[in-house]
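What follows is the content of target_30.pdb, which has PDB, C-alpha atoms:
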ATOM      1  CA  MET A   1      28.626   4.321   9.306  1.00  0.00           C
ATOM      2  CA  VAL A   2      28.705   3.396  12.970  1.00  0.00           C
ATOM      3  CA  ARG A   3      32.247   3.191  14.279  1.00  0.00           C
ATOM      4  CA  GLU A   4      34.049   2.708  17.569  1.00  0.00           C
ATOM      5  CA  MET A   5      34.378   5.807  19.680  1.00  0.00           C
ATOM      6  CA  PRO A   6      37.847   7.408  19.553  1.00  0.00           C
ATOM      7  CA  GLY A   7      40.423   5.139  21.139  1.00  0.00           C
ATOM      8  CA  GLY A   8      38.517   1.932  20.319  1.00  0.00           C
ATOM      9  CA  CYS A   9      38.893  -0.594  17.533  1.00  0.00           C
ATOM     10  CA  PRO A  10      36.840  -0.105  14.369  1.00  0.00           C
ATOM     11  CA  PRO A  11      33.955  -2.541  13.820  1.00  0.00           C
ATOM     12  CA  GLN A  12      34.944  -5.640  11.907  1.00  0.00           C
ATOM     13  CA  GLU A  13      34.247  -5.461   8.188  1.00  0.00           C
ATOM     14  CA  LEU A  14      31.872  -8.279   7.346  1.00  0.00           C
ATOM     15  CA  ALA A  15      32.845 -10.458   4.428  1.00  0.00           C
ATOM     16  CA  PRO A  16      29.998 -12.524   3.019  1.00  0.00           C
ATOM     17  CA  GLN A  17      29.991 -16.182   4.031  1.00  0.00           C
ATOM     18  CA  GLU A  18      28.897 -18.925   1.705  1.00  0.00           C
ATOM     19  CA  PRO A  19      26.272 -19.987   0.997  1.00  0.00           C
ATOM     20  CA  PHE A  20      24.434 -17.104   2.681  1.00  0.00           C
ATOM     21  CA  PRO A  21      25.497 -14.276   4.993  1.00  0.00           C
ATOM     22  CA  SER A  22      24.666 -14.590   8.676  1.00  0.00           C
ATOM     23  CA  VAL A  23      21.797 -12.574  10.133  1.00  0.00           C
ATOM     24  CA  ALA A  24      24.344 -10.106  11.556  1.00  0.00           C
ATOM     25  CA  GLN A  25      25.944  -9.699   8.134  1.00  0.00           C
ATOM     26  CA  ARG A  26      22.559  -9.234   6.460  1.00  0.00           C
ATOM     27  CA  PHE A  27      21.695  -6.381   8.863  1.00  0.00           C
ATOM     28  CA  TYR A  28      25.119  -4.884   8.277  1.00  0.00           C
ATOM     29  CA  LEU A  29      24.999  -5.184   4.472  1.00  0.00           C
ATOM     30  CA  ILE A  30      21.526  -3.635   4.122  1.00  0.00           C
ATOM     31  CA  GLY A  31      22.418  -0.922   6.626  1.00  0.00           C
ATOM     32  CA  ARG A  32      25.606  -0.015   4.798  1.00  0.00           C
ATOM     33  CA  PHE A  33      23.891  -0.003   1.400  1.00  0.00           C
ATOM     34  CA  LEU A  34      21.174   2.371   2.620  1.00  0.00           C
ATOM     35  CA  GLN A  35      23.905   4.832   3.629  1.00  0.00           C
ATOM     36  CA  VAL A  36      25.670   5.105   0.269  1.00  0.00           C
ATOM     37  CA  ARG A  37      24.824   6.615  -3.075  1.00  0.00           C
ATOM     38  CA  PRO A  38      23.707   3.696  -5.269  1.00  0.00           C
ATOM     39  CA  THR A  39      26.510   3.797  -7.838  1.00  0.00           C
ATOM     40  CA  PRO A  40      26.866   0.871 -10.259  1.00  0.00           C
ATOM     41  CA  GLU A  41      29.866  -0.294  -8.199  1.00  0.00           C
ATOM     42  CA  ALA A  42      27.941  -0.139  -4.903  1.00  0.00           C
ATOM     43  CA  ILE A  43      24.987  -2.001  -6.424  1.00  0.00           C
ATOM     44  CA  ASP A  44      27.257  -4.694  -7.912  1.00  0.00           C
ATOM     45  CA  ALA A  45      29.061  -5.143  -4.582  1.00  0.00           C
ATOM     46  CA  PHE A  46      25.753  -5.449  -2.699  1.00  0.00           C
ATOM     47  CA  VAL A  47      24.284  -7.939  -5.197  1.00  0.00           C
ATOM     48  CA  ALA A  48      27.499 -10.015  -5.059  1.00  0.00           C
ATOM     49  CA  ALA A  49      27.487 -10.063  -1.236  1.00  0.00           C
ATOM     50  CA  TYR A  50      23.762 -10.611  -0.690  1.00  0.00           C
ATOM     51  CA  PRO A  51      22.325 -13.630  -2.534  1.00  0.00           C
ATOM     52  CA  GLY A  52      18.764 -13.334  -3.767  1.00  0.00           C
ATOM     53  CA  PHE A  53      19.135  -9.879  -5.286  1.00  0.00           C
ATOM     54  CA  GLU A  54      19.415  -9.618  -9.036  1.00  0.00           C
ATOM     55  CA  ALA A  55      21.546  -6.959 -10.694  1.00  0.00           C
ATOM     56  CA  PRO A  56      19.165  -4.087 -11.479  1.00  0.00           C
ATOM     57  CA  ASP A  57      19.480  -1.226 -13.922  1.00  0.00           C
ATOM     58  CA  ALA A  58      21.810   1.092 -11.973  1.00  0.00           C
ATOM     59  CA  GLN A  59      20.282   4.307 -13.318  1.00  0.00           C
ATOM     60  CA  ALA A  60      16.753   3.180 -12.426  1.00  0.00           C
ATOM     61  CA  VAL A  61      17.927   2.363  -8.877  1.00  0.00           C
ATOM     62  CA  ALA A  62      19.678   5.746  -8.579  1.00  0.00           C
ATOM     63  CA  ASP A  63      16.513   7.513  -9.763  1.00  0.00           C
ATOM     64  CA  ASP A  64      14.393   5.495  -7.331  1.00  0.00           C
ATOM     65  CA  ASN A  65      16.792   6.329  -4.496  1.00  0.00           C
ATOM     66  CA  LEU A  66      16.427  10.037  -5.237  1.00  0.00           C
ATOM     67  CA  ARG A  67      12.624   9.877  -5.362  1.00  0.00           C
ATOM     68  CA  LEU A  68      12.147   7.655  -2.319  1.00  0.00           C
ATOM     69  CA  PHE A  69      14.862   8.656   0.134  1.00  0.00           C
ATOM     70  CA  VAL A  70      16.250  12.066  -0.851  1.00  0.00           C
ATOM     71  CA  GLY A  71      13.278  13.708  -2.491  1.00  0.00           C
ATOM     72  CA  LEU A  72      12.809  16.851  -4.442  1.00  0.00           C
ATOM     73  CA  GLY A  73      11.277  18.418  -1.380  1.00  0.00           C
ATOM     74  CA  MET A  74      10.028  15.871   1.172  1.00  0.00           C
ATOM     75  CA  PRO A  75      11.206  12.287   0.541  1.00  0.00           C
ATOM     76  CA  ILE A  76       8.439   9.729  -0.014  1.00  0.00           C
ATOM     77  CA  ALA A  77      10.035   7.181   2.356  1.00  0.00           C
ATOM     78  CA  PRO A  78      12.524   9.060   4.564  1.00  0.00           C
ATOM     79  CA  LEU A  79      15.271   6.970   6.145  1.00  0.00           C
ATOM     80  CA  TRP A  80      15.265   8.747   9.546  1.00  0.00           C
ATOM     81  CA  GLU A  81      13.258   7.463  12.493  1.00  0.00           C
ATOM     82  CA  SER A  82      12.481  10.960  13.791  1.00  0.00           C
ATOM     83  CA  THR A  83      10.645  11.833  10.551  1.00  0.00           C
ATOM     84  CA  TRP A  84       8.166   9.006  11.217  1.00  0.00           C
ATOM     85  CA  ALA A  85       7.529  10.084  14.827  1.00  0.00           C
ATOM     86  CA  SER A  86       5.380  13.111  14.003  1.00  0.00           C
ATOM     87  CA  ASP A  87       3.263  14.562  11.238  1.00  0.00           C
ATOM     88  CA  ALA A  88       5.773  17.416  10.852  1.00  0.00           C
ATOM     89  CA  ARG A  89       8.460  14.917   9.708  1.00  0.00           C
ATOM     90  CA  LEU A  90      11.283  16.770  11.460  1.00  0.00           C
ATOM     91  CA  LEU A  91      14.901  15.592  11.759  1.00  0.00           C
ATOM     92  CA  PHE A  92      17.152  15.630  14.839  1.00  0.00           C
ATOM     93  CA  GLN A  93      14.344  15.019  17.335  1.00  0.00           C
ATOM     94  CA  ARG A  94      14.269  13.038  20.605  1.00  0.00           C
ATOM     95  CA  GLN A  95      14.667   9.761  18.685  1.00  0.00           C
ATOM     96  CA  THR A  96      17.981  10.952  17.234  1.00  0.00           C
ATOM     97  CA  LEU A  97      19.427  11.628  20.671  1.00  0.00           C
ATOM     98  CA  ASP A  98      18.058   8.407  22.119  1.00  0.00           C
ATOM     99  CA  VAL A  99      19.670   6.379  19.325  1.00  0.00           C
ATOM    100  CA  ARG A 100      22.935   8.255  19.910  1.00  0.00           C
ATOM    101  CA  TYR A 101      22.763   7.183  23.551  1.00  0.00           C
ATOM    102  CA  TRP A 102      22.370   3.516  22.513  1.00  0.00           C
ATOM    103  CA  TYR A 103      25.416   3.794  20.218  1.00  0.00           C
ATOM    104  CA  ARG A 104      27.499   5.428  22.941  1.00  0.00           C
ATOM    105  CA  SER A 105      26.442   2.780  25.465  1.00  0.00           C
ATOM    106  CA  ALA A 106      27.967   0.215  23.106  1.00  0.00           C
ATOM    107  CA  GLY A 107      31.145   2.295  22.633  1.00  0.00           C
ATOM    108  CA  LEU A 108      30.127   3.421  19.134  1.00  0.00           C
ATOM    109  CA  GLN A 109      29.308   6.682  17.428  1.00  0.00           C
ATOM    110  CA  VAL A 110      28.247   7.815  13.985  1.00  0.00           C
ATOM    111  CA  ALA A 111      31.205   8.558  11.710  1.00  0.00           C
ATOM    112  CA  ALA A 112      29.409  11.684  10.446  1.00  0.00           C
ATOM    113  CA  LEU A 113      28.422  12.813  13.952  1.00  0.00           C
ATOM    114  CA  HIS A 114      26.446  16.099  13.857  1.00  0.00           C
ATOM    115  CA  ARG A 115      26.195  15.878  10.039  1.00  0.00           C
ATOM    116  CA  GLU A 116      24.031  12.760   9.648  1.00  0.00           C
ATOM    117  CA  PRO A 117      21.209  12.107  12.120  1.00  0.00           C
ATOM    118  CA  ASP A 118      22.020   9.065  14.247  1.00  0.00           C
ATOM    119  CA  ASP A 119      18.531   7.654  13.632  1.00  0.00           C
ATOM    120  CA  HIS A 120      19.139   6.920   9.932  1.00  0.00           C
ATOM    121  CA  LEU A 121      17.773   3.442   9.173  1.00  0.00           C
ATOM    122  CA  GLY A 122      21.057   2.347   7.619  1.00  0.00           C
ATOM    123  CA  LEU A 123      22.916   3.265  10.805  1.00  0.00           C
ATOM    124  CA  GLU A 124      20.336   1.543  12.989  1.00  0.00           C
ATOM    125  CA  LEU A 125      20.561  -1.682  10.949  1.00  0.00           C
ATOM    126  CA  GLU A 126      24.352  -1.534  10.898  1.00  0.00           C
ATOM    127  CA  PHE A 127      24.316  -1.087  14.697  1.00  0.00           C
ATOM    128  CA  ILE A 128      22.116  -4.178  15.122  1.00  0.00           C
ATOM    129  CA  GLY A 129      24.460  -6.159  12.868  1.00  0.00           C
ATOM    130  CA  THR A 130      27.464  -4.981  14.883  1.00  0.00           C
ATOM    131  CA  LEU A 131      25.801  -5.972  18.167  1.00  0.00           C
ATOM    132  CA  LEU A 132      24.862  -9.398  16.807  1.00  0.00           C
ATOM    133  CA  ASP A 133      28.391  -9.887  15.473  1.00  0.00           C
ATOM    134  CA  ARG A 134      29.706  -9.093  18.966  1.00  0.00           C
ATOM    135  CA  GLY A 135      27.330 -11.689  20.417  1.00  0.00           C
ATOM    136  CA  ASP A 136      25.186  -9.082  22.187  1.00  0.00           C
ATOM    137  CA  ARG A 137      21.802 -10.367  21.050  1.00  0.00           C
ATOM    138  CA  ASN A 138      19.897  -8.985  24.066  1.00  0.00           C
ATOM    139  CA  THR A 139      20.978  -5.413  23.365  1.00  0.00           C
ATOM    140  CA  ALA A 140      20.314  -5.870  19.632  1.00  0.00           C
ATOM    141  CA  VAL A 141      16.767  -7.082  20.313  1.00  0.00           C
ATOM    142  CA  ALA A 142      16.042  -4.352  22.887  1.00  0.00           C
ATOM    143  CA  PHE A 143      17.326  -1.646  20.525  1.00  0.00           C
ATOM    144  CA  ALA A 144      15.409  -3.074  17.549  1.00  0.00           C
ATOM    145  CA  GLN A 145      12.164  -3.238  19.512  1.00  0.00           C
ATOM    146  CA  GLU A 146      12.516   0.324  20.795  1.00  0.00           C
ATOM    147  CA  HIS A 147      13.692   1.906  17.565  1.00  0.00           C
ATOM    148  CA  PRO A 148      13.472   0.451  14.026  1.00  0.00           C
ATOM    149  CA  CYS A 149      10.615  -1.951  14.824  1.00  0.00           C
ATOM    150  CA  ALA A 150       8.569   1.071  15.914  1.00  0.00           C
ATOM    151  CA  TRP A 151       8.508   2.568  12.404  1.00  0.00           C
ATOM    152  CA  VAL A 152       9.999   0.298   9.718  1.00  0.00           C
ATOM    153  CA  ALA A 153       6.656  -1.289   8.839  1.00  0.00           C
ATOM    154  CA  ARG A 154       5.370   2.153   7.769  1.00  0.00           C
ATOM    155  CA  TRP A 155       8.615   2.853   5.888  1.00  0.00           C
ATOM    156  CA  ASN A 156       8.405  -0.532   4.130  1.00  0.00           C
ATOM    157  CA  GLU A 157       4.776   0.137   3.196  1.00  0.00           C
ATOM    158  CA  ALA A 158       5.763   3.484   1.640  1.00  0.00           C
ATOM    159  CA  VAL A 159       8.585   1.840  -0.318  1.00  0.00           C
ATOM    160  CA  GLN A 160       6.337  -1.014  -1.493  1.00  0.00           C
ATOM    161  CA  ARG A 161       3.734   1.480  -2.662  1.00  0.00           C
ATOM    162  CA  HIS A 162       6.042   3.992  -4.352  1.00  0.00           C
ATOM    163  CA  ALA A 163       9.233   2.238  -5.494  1.00  0.00           C
ATOM    164  CA  ALA A 164       9.679   2.149  -9.239  1.00  0.00           C
ATOM    165  CA  THR A 165      12.220  -0.676  -9.052  1.00  0.00           C
ATOM    166  CA  PRO A 166      11.838  -4.195  -7.667  1.00  0.00           C
ATOM    167  CA  PHE A 167      15.303  -3.718  -6.114  1.00  0.00           C
ATOM    168  CA  TYR A 168      14.140  -1.261  -3.444  1.00  0.00           C
ATOM    169  CA  ARG A 169      10.891  -3.163  -2.835  1.00  0.00           C
ATOM    170  CA  HIS A 170      12.993  -6.289  -2.183  1.00  0.00           C
ATOM    171  CA  LEU A 171      15.503  -4.382  -0.018  1.00  0.00           C
ATOM    172  CA  ALA A 172      12.767  -2.787   2.133  1.00  0.00           C
ATOM    173  CA  ALA A 173      10.913  -6.088   2.536  1.00  0.00           C
ATOM    174  CA  GLU A 174      14.145  -7.824   3.508  1.00  0.00           C
ATOM    175  CA  ALA A 175      14.949  -5.150   6.128  1.00  0.00           C
ATOM    176  CA  ALA A 176      11.443  -5.429   7.592  1.00  0.00           C
ATOM    177  CA  SER A 177      11.643  -9.250   7.584  1.00  0.00           C
ATOM    178  CA  LEU A 178      14.997  -9.261   9.360  1.00  0.00           C
ATOM    179  CA  LEU A 179      13.636  -6.947  12.052  1.00  0.00           C
ATOM    180  CA  ALA A 180      10.493  -9.068  12.444  1.00  0.00           C
ATOM    181  CA  LEU A 181      12.636 -12.206  12.753  1.00  0.00           C
ATOM    182  CA  LEU A 182      14.781 -10.588  15.425  1.00  0.00           C
ATOM    183  CA  ASP A 183      11.684  -9.261  17.230  1.00  0.00           C
ATOM    184  CA  GLU A 184       9.996 -12.720  17.170  1.00  0.00           C
ATOM    185  CA  ARG A 185      13.000 -14.513  18.529  1.00  0.00           C
ATOM    186  CA  GLY A 186      13.614 -11.738  21.097  1.00  0.00           C
TER
END

Could I get this file's structure written as structure tokens?
Amino acid sequence: MVREMPGGCPPQELAPQEPFPSVAQRFYLIGRFLQVRPTPEAIDAFVAAYPGFEAPDAQAVADDNLRLFVGLGMPIAPLWESTWASDARLLFQRQTLDVRYWYRSAGLQVAALHREPDDHLGLELEFIGTLLDRGDRNTAVAFAQEHPCAWVARWNEAVQRHAATPFYRHLAAEAASLLALLDERG
């Protein structure tokens, strides 16, 4: 989770708006979901907040999450930008530090600083949602173009090819579509 740096106010929790969440909320909701273990409660909360997603079999989603994003060895579709930047698929590379700089420039930092790489897709999407919610569209677009837009198409392709559940195929396609929409409107 991206949060205000010490001494600041925490980011506003985004409650879904009817009939559909704003673009900022959609970035935030997908980002937050990608950061949590997909428990039945987390899945139900996401499906309730994000129209268009049907309630999946929670165990199938948990199994898919393990295969795609955690892996028994190397994940099939890792959630960290730095892993997509080289064939070695290493974490905590230049991209991680660059993303950290963007967060700090906005007065934010990762809640699990030094334990979770800052370039986790969920954190990057949550950051974009936070910037949009603050009305800072220019920074959101610049960050998206420099970071998630540089690799999410490949991540989405891996998820589309290897996901066992329609839930993660839909989630990945939605994340890629939101980024493309933001990039187009830049």

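The residue that comes closest to Ala140 of chain A, out of A:Ala45, A:Arg100, A:Pro117, A:Phe27 and on the basis of all atoms listed in the file, is A:Phe27.
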
Evaluate the PyMOL selection byres ((chain A and resi 139) around 12) and report residues as a ChimeraX atom specification: /A:102-103,105-106,127-138,140-147,182-183,186

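Against the coordinates shown, the PyMOL selection byres ((chain A and resi 63) around 12) returns A:Arg37, A:Pro38, A:Thr39, A:Asp57, A:Ala58, A:Gln59, A:Ala60, A:Val61, A:Ala62, A:Asp64, A:Asn65, A:Leu66, A:Arg67, A:Leu68, A:Phe69, A:Val70, A:Gly71, A:Leu72, A:Ala163, A:Ala164, A:Thr165, A:Phe167, A:Tyr168.
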
Shortest interatomic distance to Arg115 of chain A - which of A:Leu97, A:Phe33, A:Leu79, A:Phe92, counting only C-alpha atoms: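 Nearest to Arg115 of chain A: A:Phe92.
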
Straight-line distance linking atom CA of Gly31 of chain A with atom CA of Ser82 of chain A, stated in Å to one decimal: 17.1 Å
